[in-house]
Amino acid sequence: MALRKLIAGNWKMFGSLAALSELDAVARAAASAPGVDVAICPPFTLIAAAAARQPALGIGAQDCHWAENGAHTGCVSAAMAKEAGAAYVIVGHSERRADSHETSDQVRQKAEAVLAVGMTAIVCVGESEAERGRGDAISAVTEQVGASVPRTGDLDRLVIAYEPIWAIGTGRTPSVAEVAEMHAAIRQKLTLAFGGDGTSIRILYGGSVKPGNAAELLHVENVDGALVGGASLKASDFIAIIAAA
Ligand code: PGA
């Protein structure tokens, strides 16, 4: 079954109010690709301004806390991100799993918090280079999927992003066959966990998606979109990826 594709940009800790002008061309491209969902996830501080500038574009956060509120200095809840204008939240990105020692259990709680307030959760998973080298990529990723997906909430608003850690920001990507094998394994894990509902959960590929490789990656079976880092910062590159979808 072909699912509606989602092309999501992750600006990471880049961007500024001035950089939001890039969104104007992205919004025009999104409007002329009605069959594709398009989202941009800027830093928290830019969410409100991004949503105000391009209300028709999907805006997302790059993380949130699992609690509704509380004494968690420096953190932002899902409801706070939503109030600022976000409709999506990326959770469990490998940079957060590494930098902030996030566990799959915490990622699952964050995803549940996102779904609970009616937003879309993009749950990231991916193997390290060592795991791939040892032949453990599939087991590492399917284990992460099992432990990171929400146990409660509306699955229609759950998205998985497969991002091999060694492919992020490196210009390297797995082969088409490796992507197909991994996405099929994730699909199987989702249908084991959720039955028929698992067939309609979108599985994005992320890691060095560029205008030059987007069409090939986006047409692999069970690849239902892309999570794009570096190439989402420049409107012309990101638009070319939307067009490839
Ligand atoms: P990249 O990042 O496209 O720059 O490799 C992807 C990501 O980390 O989401």
# chains A, B, ... in the order shown; residues from 1 in each chain; ligands from 1

$ closest_atom_pairs --of "chain A" --to "ligand 1" --cutoff "7 Å" --atoms "only C-alpha atoms and all ligand atoms" --output "tab-separated table"
residue	atom	partner	partner_atom_place_in_ligand_line	distance
A:Asn10	CA	ligand 1	9 (O)	5.6
A:Glu163	CA	ligand 1	7 (C)	6.9
A:Ala167	CA	ligand 1	5 (O)	6.0
A:Ile168	CA	ligand 1	5 (O)	3.4
A:Gly169	CA	ligand 1	5 (O)	3.6
A:Thr170	CA	ligand 1	5 (O)	6.3
A:Gly171	CA	ligand 1	5 (O)	6.9
A:Gly206	CA	ligand 1	6 (C)	5.2
A:Gly207	CA	ligand 1	5 (O)	3.7
A:Ser208	CA	ligand 1	5 (O)	3.5
A:Val209	CA	ligand 1	3 (O)	5.1
A:Leu227	CA	ligand 1	9 (O)	5.2
A:Val228	CA	ligand 1	3 (O)	4.2
A:Gly229	CA	ligand 1	3 (O)	3.4
A:Gly230	CA	ligand 1	4 (O)	3.7
A:Ala231	CA	ligand 1	3 (O)	6.0

$ residues_around --residues "Ser232 of chain A" --least-positions-apart "2" --cutoff "9 Å" --atoms "only C-alpha atoms" --output "count of residues only"
17

$ residues_around --residues "segment 80-87 of chain A" --least-positions-apart "3" --cutoff "12 Å" --atoms "only C-alpha atoms" --output "PyMOL selection string"
chain A and resi 8+37-69+75-77+90+113-122+157

$ atom_distance --atom1 "atom CA of Glu181 of chain A" --atom2 "atom CA of Leu204 of chain A"
13.7 Å

$ residues_around --residues "Ser128 of chain A" --least-positions-apart "3" --cutoff "10 Å" --atoms "only C-alpha atoms" --output "list of chain:residue names"
A:Ser94, A:Glu131, A:Arg132, A:Gly133, A:Asp136, A:Ala137, A:Ala140, A:Val141, A:Glu163, A:Pro164, A:Ile165, A:Trp166, A:Ala167

$ closest_residue --among "A:Glu129, A:Leu218, A:Gly92, A:Ala185" --to "Val36 of chain A" --atoms "only C-alpha atoms"
A:Leu218

$ select_by_dssp --residues "segment 40-78 of chain A" --states "helix (DSSP H, G or I)" --output "PyMOL selection string"
chain A and resi 44-53+78

$ write_last_selection --atoms "N, CA and C atoms" --output "mmCIF file, in the first residue's frame"
data_model
loop_
_atom_site.group_PDB
_atom_site.id
_atom_site.type_symbol
_atom_site.label_atom_id
_atom_site.label_comp_id
_atom_site.auth_asym_id
_atom_site.auth_seq_id
_atom_site.Cartn_x
_atom_site.Cartn_y
_atom_site.Cartn_z
ATOM 1 N N PHE A 44 13.213 25.571 18.785
ATOM 2 C CA PHE A 44 12.013 26.005 19.527
ATOM 3 C C PHE A 44 11.737 27.498 19.367
ATOM 4 N N THR A 45 12.811 28.285 19.420
ATOM 5 C CA THR A 45 12.652 29.743 19.446
ATOM 6 C C THR A 45 12.062 30.290 18.158
ATOM 7 N N LEU A 46 12.081 29.485 17.087
ATOM 8 C CA LEU A 46 11.581 29.973 15.791
ATOM 9 C C LEU A 46 10.214 29.397 15.437
ATOM 10 N N ILE A 47 9.678 28.511 16.282
ATOM 11 C CA ILE A 47 8.427 27.833 15.912
ATOM 12 C C ILE A 47 7.291 28.838 15.717
ATOM 13 N N ALA A 48 7.112 29.722 16.678
ATOM 14 C CA ALA A 48 5.961 30.643 16.597
ATOM 15 C C ALA A 48 6.086 31.549 15.373
ATOM 16 N N ALA A 49 7.275 32.056 15.140
ATOM 17 C CA ALA A 49 7.462 32.953 13.990
ATOM 18 C C ALA A 49 7.308 32.185 12.675
ATOM 19 N N ALA A 50 7.778 30.945 12.645
ATOM 20 C CA ALA A 50 7.646 30.138 11.421
ATOM 21 C C ALA A 50 6.178 29.850 11.134
ATOM 22 N N ALA A 51 5.434 29.494 12.184
ATOM 23 C CA ALA A 51 4.009 29.176 12.000
ATOM 24 C C ALA A 51 3.224 30.415 11.596
ATOM 25 N N ALA A 52 3.634 31.568 12.125
ATOM 26 C CA ALA A 52 2.934 32.807 11.767
ATOM 27 C C ALA A 52 3.249 33.212 10.323
ATOM 28 N N ARG A 53 4.477 32.942 9.913
ATOM 29 C CA ARG A 53 4.894 33.358 8.570
ATOM 30 C C ARG A 53 4.261 32.477 7.497
ATOM 31 N N ALA A 78 5.070 18.982 25.140
ATOM 32 C CA ALA A 78 4.409 18.859 23.832
ATOM 33 C C ALA A 78 3.334 19.942 23.687
#

$ select_by_dssp --residues "chain A" --states "strand (DSSP E)" --output "ChimeraX atom specification"
/A:5-10,36-41,58-61,88-91,120-125,158-162,202-206,225-228

$ write_last_selection --atoms "N, CA, C and O atoms" --output "compact mmCIF listing (two decimals), in the first residue's frame"
# COMPACT_ATOMS: atom_id res chain seq x y z
N LYS A 5 3.25 10.55 1.22
CA LYS A 5 4.63 10.78 1.66
C LYS A 5 4.73 12.03 2.55
O LYS A 5 3.98 12.99 2.38
N LEU A 6 5.68 11.98 3.47
CA LEU A 6 5.98 13.14 4.33
C LEU A 6 7.45 13.50 4.13
O LEU A 6 8.33 12.65 4.28
N ILE A 7 7.68 14.75 3.77
CA ILE A 7 9.05 15.25 3.68
C ILE A 7 9.23 16.26 4.82
O ILE A 7 8.58 17.32 4.84
N ALA A 8 10.05 15.89 5.79
CA ALA A 8 10.23 16.73 6.97
C ALA A 8 11.66 17.23 7.03
O ALA A 8 12.61 16.46 6.86
N GLY A 9 11.81 18.51 7.29
CA GLY A 9 13.15 19.11 7.41
C GLY A 9 13.48 19.31 8.88
O GLY A 9 12.64 19.79 9.65
N ASN A 10 14.68 18.92 9.26
CA ASN A 10 15.16 19.08 10.64
C ASN A 10 16.29 20.10 10.60
O ASN A 10 17.39 19.79 10.15
N VAL A 36 1.77 15.49 -1.15
CA VAL A 36 2.89 15.27 -0.23
C VAL A 36 2.70 16.15 1.01
O VAL A 36 2.33 17.32 0.87
N ASP A 37 2.93 15.62 2.20
CA ASP A 37 2.95 16.44 3.41
C ASP A 37 4.36 17.00 3.57
O ASP A 37 5.34 16.27 3.39
N VAL A 38 4.44 18.28 3.92
CA VAL A 38 5.75 18.93 4.08
C VAL A 38 5.81 19.57 5.47
O VAL A 38 4.87 20.23 5.89
N ALA A 39 6.89 19.34 6.17
CA ALA A 39 7.07 19.94 7.50
C ALA A 39 8.48 20.46 7.65
O ALA A 39 9.43 19.93 7.06
N ILE A 40 8.61 21.52 8.44
CA ILE A 40 9.92 22.05 8.81
C ILE A 40 9.99 22.13 10.33
O ILE A 40 9.07 22.64 10.97
N CYS A 41 11.07 21.59 10.89
CA CYS A 41 11.25 21.59 12.34
C CYS A 41 12.43 22.49 12.69
O CYS A 41 13.59 22.05 12.68
N GLY A 58 3.52 22.66 7.53
CA GLY A 58 3.62 21.94 8.80
C GLY A 58 4.88 22.39 9.53
O GLY A 58 5.97 22.36 8.96
N ILE A 59 4.72 22.83 10.77
CA ILE A 59 5.88 23.23 11.56
C ILE A 59 6.03 22.23 12.70
O ILE A 59 5.03 21.74 13.25
N GLY A 60 7.26 21.90 13.02
CA GLY A 60 7.48 20.91 14.07
C GLY A 60 8.56 21.33 15.04
O GLY A 60 9.37 22.23 14.76
N ALA A 61 8.57 20.66 16.20
CA ALA A 61 9.64 20.82 17.18
C ALA A 61 10.61 19.65 17.02
O ALA A 61 10.27 18.64 16.39
N TYR A 88 4.03 18.88 14.62
CA TYR A 88 4.87 17.68 14.64
C TYR A 88 5.92 17.83 15.76
O TYR A 88 6.32 18.96 16.07
N VAL A 89 6.38 16.71 16.30
CA VAL A 89 7.55 16.74 17.18
C VAL A 89 8.43 15.54 16.81
O VAL A 89 7.96 14.40 16.75
N ILE A 90 9.71 15.81 16.53
CA ILE A 90 10.69 14.74 16.35
C ILE A 90 11.10 14.27 17.76
O ILE A 90 11.41 15.11 18.61
N VAL A 91 11.07 12.98 18.01
CA VAL A 91 11.56 12.48 19.30
C VAL A 91 12.58 11.37 19.06
O VAL A 91 12.51 10.63 18.09
N THR A 120 1.62 15.08 15.71
CA THR A 120 2.26 13.93 15.06
C THR A 120 3.65 13.73 15.65
O THR A 120 4.44 14.68 15.74
N ALA A 121 3.95 12.51 16.07
CA ALA A 121 5.27 12.17 16.62
C ALA A 121 6.11 11.50 15.53
O ALA A 121 5.67 10.55 14.91
N ILE A 122 7.31 12.01 15.31
CA ILE A 122 8.28 11.38 14.40
C ILE A 122 9.34 10.72 15.28
O ILE A 122 10.18 11.40 15.87
N VAL A 123 9.26 9.42 15.40
CA VAL A 123 10.14 8.66 16.31
C VAL A 123 11.34 8.15 15.53
O VAL A 123 11.20 7.38 14.58
N CYS A 124 12.54 8.60 15.93
CA CYS A 124 13.75 8.24 15.18
C CYS A 124 14.42 6.99 15.75
O CYS A 124 14.51 6.83 16.98
N VAL A 125 14.91 6.18 14.85
CA VAL A 125 15.67 4.98 15.21
C VAL A 125 16.82 4.84 14.20
O VAL A 125 16.75 5.40 13.11
N LEU A 158 1.43 8.64 14.21
CA LEU A 158 2.76 8.12 14.53
C LEU A 158 3.54 7.94 13.22
O LEU A 158 3.02 7.37 12.25
N VAL A 159 4.76 8.43 13.21
CA VAL A 159 5.67 8.29 12.06
C VAL A 159 6.99 7.76 12.62
O VAL A 159 7.43 8.18 13.69
N ILE A 160 7.61 6.83 11.90
CA ILE A 160 8.94 6.34 12.28
C ILE A 160 9.94 6.93 11.29
O ILE A 160 9.65 7.03 10.09
N ALA A 161 11.11 7.33 11.78
CA ALA A 161 12.18 7.75 10.87
C ALA A 161 13.38 6.84 11.08
O ALA A 161 13.96 6.82 12.18
N TYR A 162 13.73 6.09 10.04
CA TYR A 162 14.94 5.26 10.10
C TYR A 162 16.12 6.09 9.66
O TYR A 162 16.18 6.52 8.50
N ARG A 202 3.69 5.63 8.68
CA ARG A 202 4.71 6.01 7.70
C ARG A 202 6.12 5.77 8.25
O ARG A 202 6.38 6.05 9.42
N ILE A 203 6.99 5.28 7.40
CA ILE A 203 8.40 5.04 7.76
C ILE A 203 9.26 5.92 6.85
O ILE A 203 9.35 5.68 5.64
N LEU A 204 9.86 6.95 7.44
CA LEU A 204 10.71 7.85 6.66
C LEU A 204 12.14 7.31 6.64
O LEU A 204 12.57 6.64 7.58
N TYR A 205 12.88 7.65 5.61
CA TYR A 205 14.33 7.41 5.61
C TYR A 205 15.01 8.75 5.88
O TYR A 205 14.61 9.80 5.32
N GLY A 206 16.06 8.75 6.69
CA GLY A 206 16.86 9.96 6.92
C GLY A 206 18.33 9.63 7.00
O GLY A 206 18.72 8.53 7.42
N GLY A 225 8.65 8.62 2.90
CA GLY A 225 9.05 10.01 3.02
C GLY A 225 10.48 10.10 3.50
O GLY A 225 11.20 9.09 3.56
N ALA A 226 10.89 11.33 3.84
CA ALA A 226 12.29 11.55 4.24
C ALA A 226 12.35 12.54 5.39
O ALA A 226 11.54 13.46 5.49
N LEU A 227 13.34 12.31 6.26
CA LEU A 227 13.69 13.30 7.28
C LEU A 227 15.05 13.87 6.84
O LEU A 227 16.03 13.14 6.72
N VAL A 228 15.04 15.16 6.59
CA VAL A 228 16.17 15.80 5.90
C VAL A 228 16.83 16.80 6.83
O VAL A 228 16.16 17.71 7.35

$ atom_distance --atom1 "atom CA of Lys189 of chain A" --atom2 "atom CA of Arg172 of chain A"
25.8 Å

$ closest_residue --among "A:Thr142, A:Thr152, A:Asn222, A:Asn213" --to "Ala111 of chain A" --atoms "only C-alpha atoms"
A:Thr152

$ closest_residue --among "A:Ala244, A:Glu22, A:Leu192, A:Phe14" --to "Glu216 of chain A" --atoms "only C-alpha atoms"
A:Ala244

$ residues_around --residues "segment 175-178 of chain A" --least-positions-apart "2" --cutoff "8 Å" --atoms "only C-alpha atoms" --output "ChimeraX atom specification"
/A:173,180-182,216-217,220

$ write_last_selection --atoms "N, CA and C atoms" --output "PDB file, in the first residue's frame"
ATOM      1  N   THR A 173      25.188   6.983   2.345  1.00  0.00           N
ATOM      2  CA  THR A 173      23.857   6.409   2.555  1.00  0.00           C
ATOM      3  C   THR A 173      23.963   4.892   2.390  1.00  0.00           C
ATOM      4  N   ALA A 180      15.747  -0.972   1.636  1.00  0.00           N
ATOM      5  CA  ALA A 180      14.539  -1.800   1.443  1.00  0.00           C
ATOM      6  C   ALA A 180      14.454  -2.876   2.513  1.00  0.00           C
ATOM      7  N   GLU A 181      15.594  -3.496   2.817  1.00  0.00           N
ATOM      8  CA  GLU A 181      15.609  -4.574   3.818  1.00  0.00           C
ATOM      9  C   GLU A 181      15.232  -4.030   5.198  1.00  0.00           C
ATOM     10  N   MET A 182      15.810  -2.881   5.548  1.00  0.00           N
ATOM     11  CA  MET A 182      15.526  -2.315   6.876  1.00  0.00           C
ATOM     12  C   MET A 182      14.076  -1.846   6.986  1.00  0.00           C
ATOM     13  N   GLU A 216      15.701   8.249  -5.845  1.00  0.00           N
ATOM     14  CA  GLU A 216      16.014   6.821  -5.702  1.00  0.00           C
ATOM     15  C   GLU A 216      15.558   6.296  -4.330  1.00  0.00           C
ATOM     16  N   LEU A 217      15.887   7.051  -3.273  1.00  0.00           N
ATOM     17  CA  LEU A 217      15.550   6.597  -1.915  1.00  0.00           C
ATOM     18  C   LEU A 217      14.038   6.613  -1.680  1.00  0.00           C
ATOM     19  N   VAL A 220      11.903   3.549  -2.900  1.00  0.00           N
ATOM     20  CA  VAL A 220      12.107   2.205  -2.339  1.00  0.00           C
ATOM     21  C   VAL A 220      10.816   1.795  -1.627  1.00  0.00           C
TER      22      VAL A 220
END

$ decode --residues "segment 34-81 of chain A" --atoms "N, CA and C atoms" --output "PDB file, in the first residue's frame"
ATOM      1  N   PRO A  34       0.272  18.835  -3.718  1.00  0.00           N
ATOM      2  CA  PRO A  34      -0.786  18.529  -2.740  1.00  0.00           C
ATOM      3  C   PRO A  34      -0.797  17.071  -2.286  1.00  0.00           C
ATOM      4  N   GLY A  35      -0.085  16.201  -2.997  1.00  0.00           N
ATOM      5  CA  GLY A  35      -0.059  14.788  -2.601  1.00  0.00           C
ATOM      6  C   GLY A  35       1.001  14.472  -1.561  1.00  0.00           C
ATOM      7  N   VAL A  36       1.767  15.487  -1.149  1.00  0.00           N
ATOM      8  CA  VAL A  36       2.890  15.266  -0.231  1.00  0.00           C
ATOM      9  C   VAL A  36       2.698  16.152   1.006  1.00  0.00           C
ATOM     10  N   ASP A  37       2.931  15.615   2.197  1.00  0.00           N
ATOM     11  CA  ASP A  37       2.952  16.440   3.406  1.00  0.00           C
ATOM     12  C   ASP A  37       4.361  17.003   3.571  1.00  0.00           C
ATOM     13  N   VAL A  38       4.438  18.277   3.924  1.00  0.00           N
ATOM     14  CA  VAL A  38       5.745  18.926   4.085  1.00  0.00           C
ATOM     15  C   VAL A  38       5.808  19.568   5.472  1.00  0.00           C
ATOM     16  N   ALA A  39       6.894  19.340   6.171  1.00  0.00           N
ATOM     17  CA  ALA A  39       7.066  19.937   7.498  1.00  0.00           C
ATOM     18  C   ALA A  39       8.484  20.460   7.651  1.00  0.00           C
ATOM     19  N   ILE A  40       8.608  21.516   8.442  1.00  0.00           N
ATOM     20  CA  ILE A  40       9.921  22.049   8.808  1.00  0.00           C
ATOM     21  C   ILE A  40       9.986  22.128  10.328  1.00  0.00           C
ATOM     22  N   CYS A  41      11.071  21.589  10.888  1.00  0.00           N
ATOM     23  CA  CYS A  41      11.252  21.593  12.340  1.00  0.00           C
ATOM     24  C   CYS A  41      12.435  22.495  12.690  1.00  0.00           C
ATOM     25  N   PRO A  42      12.162  23.762  12.978  1.00  0.00           N
ATOM     26  CA  PRO A  42      13.241  24.689  13.348  1.00  0.00           C
ATOM     27  C   PRO A  42      13.492  24.592  14.854  1.00  0.00           C
ATOM     28  N   PRO A  43      14.491  25.293  15.382  1.00  0.00           N
ATOM     29  CA  PRO A  43      14.663  25.346  16.830  1.00  0.00           C
ATOM     30  C   PRO A  43      13.394  25.903  17.506  1.00  0.00           C
ATOM     31  N   PHE A  44      13.213  25.571  18.785  1.00  0.00           N
ATOM     32  CA  PHE A  44      12.013  26.005  19.527  1.00  0.00           C
ATOM     33  C   PHE A  44      11.737  27.498  19.367  1.00  0.00           C
ATOM     34  N   THR A  45      12.811  28.285  19.420  1.00  0.00           N
ATOM     35  CA  THR A  45      12.652  29.743  19.446  1.00  0.00           C
ATOM     36  C   THR A  45      12.062  30.290  18.158  1.00  0.00           C
ATOM     37  N   LEU A  46      12.081  29.485  17.087  1.00  0.00           N
ATOM     38  CA  LEU A  46      11.581  29.973  15.791  1.00  0.00           C
ATOM     39  C   LEU A  46      10.214  29.397  15.437  1.00  0.00           C
ATOM     40  N   ILE A  47       9.678  28.511  16.282  1.00  0.00           N
ATOM     41  CA  ILE A  47       8.427  27.833  15.912  1.00  0.00           C
ATOM     42  C   ILE A  47       7.291  28.838  15.717  1.00  0.00           C
ATOM     43  N   ALA A  48       7.112  29.722  16.678  1.00  0.00           N
ATOM     44  CA  ALA A  48       5.961  30.643  16.597  1.00  0.00           C
ATOM     45  C   ALA A  48       6.086  31.549  15.373  1.00  0.00           C
ATOM     46  N   ALA A  49       7.275  32.056  15.140  1.00  0.00           N
ATOM     47  CA  ALA A  49       7.462  32.953  13.990  1.00  0.00           C
ATOM     48  C   ALA A  49       7.308  32.185  12.675  1.00  0.00           C
ATOM     49  N   ALA A  50       7.778  30.945  12.645  1.00  0.00           N
ATOM     50  CA  ALA A  50       7.646  30.138  11.421  1.00  0.00           C
ATOM     51  C   ALA A  50       6.178  29.850  11.134  1.00  0.00           C
ATOM     52  N   ALA A  51       5.434  29.494  12.184  1.00  0.00           N
ATOM     53  CA  ALA A  51       4.009  29.176  12.000  1.00  0.00           C
ATOM     54  C   ALA A  51       3.224  30.415  11.596  1.00  0.00           C
ATOM     55  N   ALA A  52       3.634  31.568  12.125  1.00  0.00           N
ATOM     56  CA  ALA A  52       2.934  32.807  11.767  1.00  0.00           C
ATOM     57  C   ALA A  52       3.249  33.212  10.323  1.00  0.00           C
ATOM     58  N   ARG A  53       4.477  32.942   9.913  1.00  0.00           N
ATOM     59  CA  ARG A  53       4.894  33.358   8.570  1.00  0.00           C
ATOM     60  C   ARG A  53       4.261  32.477   7.497  1.00  0.00           C
ATOM     61  N   GLN A  54       4.210  31.161   7.754  1.00  0.00           N
ATOM     62  CA  GLN A  54       3.663  30.224   6.757  1.00  0.00           C
ATOM     63  C   GLN A  54       2.689  29.260   7.435  1.00  0.00           C
ATOM     64  N   PRO A  55       1.481  29.760   7.740  1.00  0.00           N
ATOM     65  CA  PRO A  55       0.545  28.924   8.506  1.00  0.00           C
ATOM     66  C   PRO A  55       0.135  27.645   7.773  1.00  0.00           C
ATOM     67  N   ALA A  56       0.275  27.588   6.472  1.00  0.00           N
ATOM     68  CA  ALA A  56      -0.151  26.382   5.742  1.00  0.00           C
ATOM     69  C   ALA A  56       0.916  25.292   5.759  1.00  0.00           C
ATOM     70  N   LEU A  57       2.131  25.663   6.161  1.00  0.00           N
ATOM     71  CA  LEU A  57       3.230  24.688   6.195  1.00  0.00           C
ATOM     72  C   LEU A  57       3.180  23.936   7.524  1.00  0.00           C
ATOM     73  N   GLY A  58       3.523  22.665   7.528  1.00  0.00           N
ATOM     74  CA  GLY A  58       3.622  21.943   8.800  1.00  0.00           C
ATOM     75  C   GLY A  58       4.876  22.394   9.528  1.00  0.00           C
ATOM     76  N   ILE A  59       4.716  22.833  10.765  1.00  0.00           N
ATOM     77  CA  ILE A  59       5.882  23.235  11.560  1.00  0.00           C
ATOM     78  C   ILE A  59       6.028  22.228  12.698  1.00  0.00           C
ATOM     79  N   GLY A  60       7.260  21.904  13.021  1.00  0.00           N
ATOM     80  CA  GLY A  60       7.482  20.912  14.072  1.00  0.00           C
ATOM     81  C   GLY A  60       8.564  21.332  15.042  1.00  0.00           C
ATOM     82  N   ALA A  61       8.572  20.664  16.196  1.00  0.00           N
ATOM     83  CA  ALA A  61       9.641  20.823  17.184  1.00  0.00           C
ATOM     84  C   ALA A  61      10.607  19.649  17.020  1.00  0.00           C
ATOM     85  N   GLN A  62      11.787  19.780  17.596  1.00  0.00           N
ATOM     86  CA  GLN A  62      12.822  18.736  17.454  1.00  0.00           C
ATOM     87  C   GLN A  62      12.921  17.840  18.681  1.00  0.00           C
ATOM     88  N   ASP A  63      12.119  18.153  19.692  1.00  0.00           N
ATOM     89  CA  ASP A  63      12.141  17.377  20.936  1.00  0.00           C
ATOM     90  C   ASP A  63      11.024  17.920  21.813  1.00  0.00           C
ATOM     91  N   CYS A  64      10.672  17.206  22.858  1.00  0.00           N
ATOM     92  CA  CYS A  64       9.829  17.754  23.923  1.00  0.00           C
ATOM     93  C   CYS A  64      10.048  16.902  25.154  1.00  0.00           C
ATOM     94  N   HIS A  65       9.559  17.368  26.277  1.00  0.00           N
ATOM     95  CA  HIS A  65       9.595  16.567  27.504  1.00  0.00           C
ATOM     96  C   HIS A  65       8.388  15.644  27.521  1.00  0.00           C
ATOM     97  N   TRP A  66       8.460  14.559  28.304  1.00  0.00           N
ATOM     98  CA  TRP A  66       7.314  13.636  28.364  1.00  0.00           C
ATOM     99  C   TRP A  66       6.246  14.114  29.349  1.00  0.00           C
ATOM    100  N   ALA A  67       6.659  14.984  30.281  1.00  0.00           N
ATOM    101  CA  ALA A  67       5.685  15.446  31.280  1.00  0.00           C
ATOM    102  C   ALA A  67       4.855  16.596  30.720  1.00  0.00           C
ATOM    103  N   GLU A  68       3.661  16.779  31.298  1.00  0.00           N
ATOM    104  CA  GLU A  68       2.805  17.889  30.845  1.00  0.00           C
ATOM    105  C   GLU A  68       3.395  19.219  31.274  1.00  0.00           C
ATOM    106  N   ASN A  69       3.947  19.257  32.465  1.00  0.00           N
ATOM    107  CA  ASN A  69       4.638  20.437  32.990  1.00  0.00           C
ATOM    108  C   ASN A  69       5.378  19.981  34.238  1.00  0.00           C
ATOM    109  N   GLY A  70       6.106  20.887  34.865  1.00  0.00           N
ATOM    110  CA  GLY A  70       6.823  20.478  36.072  1.00  0.00           C
ATOM    111  C   GLY A  70       8.149  21.182  36.202  1.00  0.00           C
ATOM    112  N   ALA A  71       8.898  20.803  37.211  1.00  0.00           N
ATOM    113  CA  ALA A  71      10.188  21.428  37.496  1.00  0.00           C
ATOM    114  C   ALA A  71      11.257  20.757  36.628  1.00  0.00           C
ATOM    115  N   HIS A  72      11.301  21.135  35.353  1.00  0.00           N
ATOM    116  CA  HIS A  72      12.259  20.554  34.401  1.00  0.00           C
ATOM    117  C   HIS A  72      12.918  21.713  33.654  1.00  0.00           C
ATOM    118  N   THR A  73      13.869  22.341  34.306  1.00  0.00           N
ATOM    119  CA  THR A  73      14.483  23.559  33.780  1.00  0.00           C
ATOM    120  C   THR A  73      15.049  23.335  32.378  1.00  0.00           C
ATOM    121  N   GLY A  74      14.687  24.221  31.482  1.00  0.00           N
ATOM    122  CA  GLY A  74      15.237  24.154  30.128  1.00  0.00           C
ATOM    123  C   GLY A  74      14.410  23.311  29.175  1.00  0.00           C
ATOM    124  N   CYS A  75      13.356  22.663  29.676  1.00  0.00           N
ATOM    125  CA  CYS A  75      12.595  21.752  28.814  1.00  0.00           C
ATOM    126  C   CYS A  75      11.303  22.391  28.326  1.00  0.00           C
ATOM    127  N   VAL A  76      10.714  21.794  27.315  1.00  0.00           N
ATOM    128  CA  VAL A  76       9.485  22.280  26.686  1.00  0.00           C
ATOM    129  C   VAL A  76       8.539  21.087  26.565  1.00  0.00           C
ATOM    130  N   SER A  77       7.286  21.248  26.945  1.00  0.00           N
ATOM    131  CA  SER A  77       6.332  20.139  26.836  1.00  0.00           C
ATOM    132  C   SER A  77       5.722  20.108  25.442  1.00  0.00           C
ATOM    133  N   ALA A  78       5.070  18.982  25.140  1.00  0.00           N
ATOM    134  CA  ALA A  78       4.409  18.859  23.832  1.00  0.00           C
ATOM    135  C   ALA A  78       3.334  19.942  23.687  1.00  0.00           C
ATOM    136  N   ALA A  79       2.566  20.165  24.755  1.00  0.00           N
ATOM    137  CA  ALA A  79       1.501  21.178  24.674  1.00  0.00           C
ATOM    138  C   ALA A  79       2.080  22.571  24.429  1.00  0.00           C
ATOM    139  N   MET A  80       3.245  22.837  25.004  1.00  0.00           N
ATOM    140  CA  MET A  80       3.887  24.157  24.794  1.00  0.00           C
ATOM    141  C   MET A  80       4.304  24.317  23.337  1.00  0.00           C
ATOM    142  N   ALA A  81       4.863  23.247  22.768  1.00  0.00           N
ATOM    143  CA  ALA A  81       5.270  23.299  21.351  1.00  0.00           C
ATOM    144  C   ALA A  81       4.038  23.489  20.472  1.00  0.00           C
TER     145      ALA A  81
END
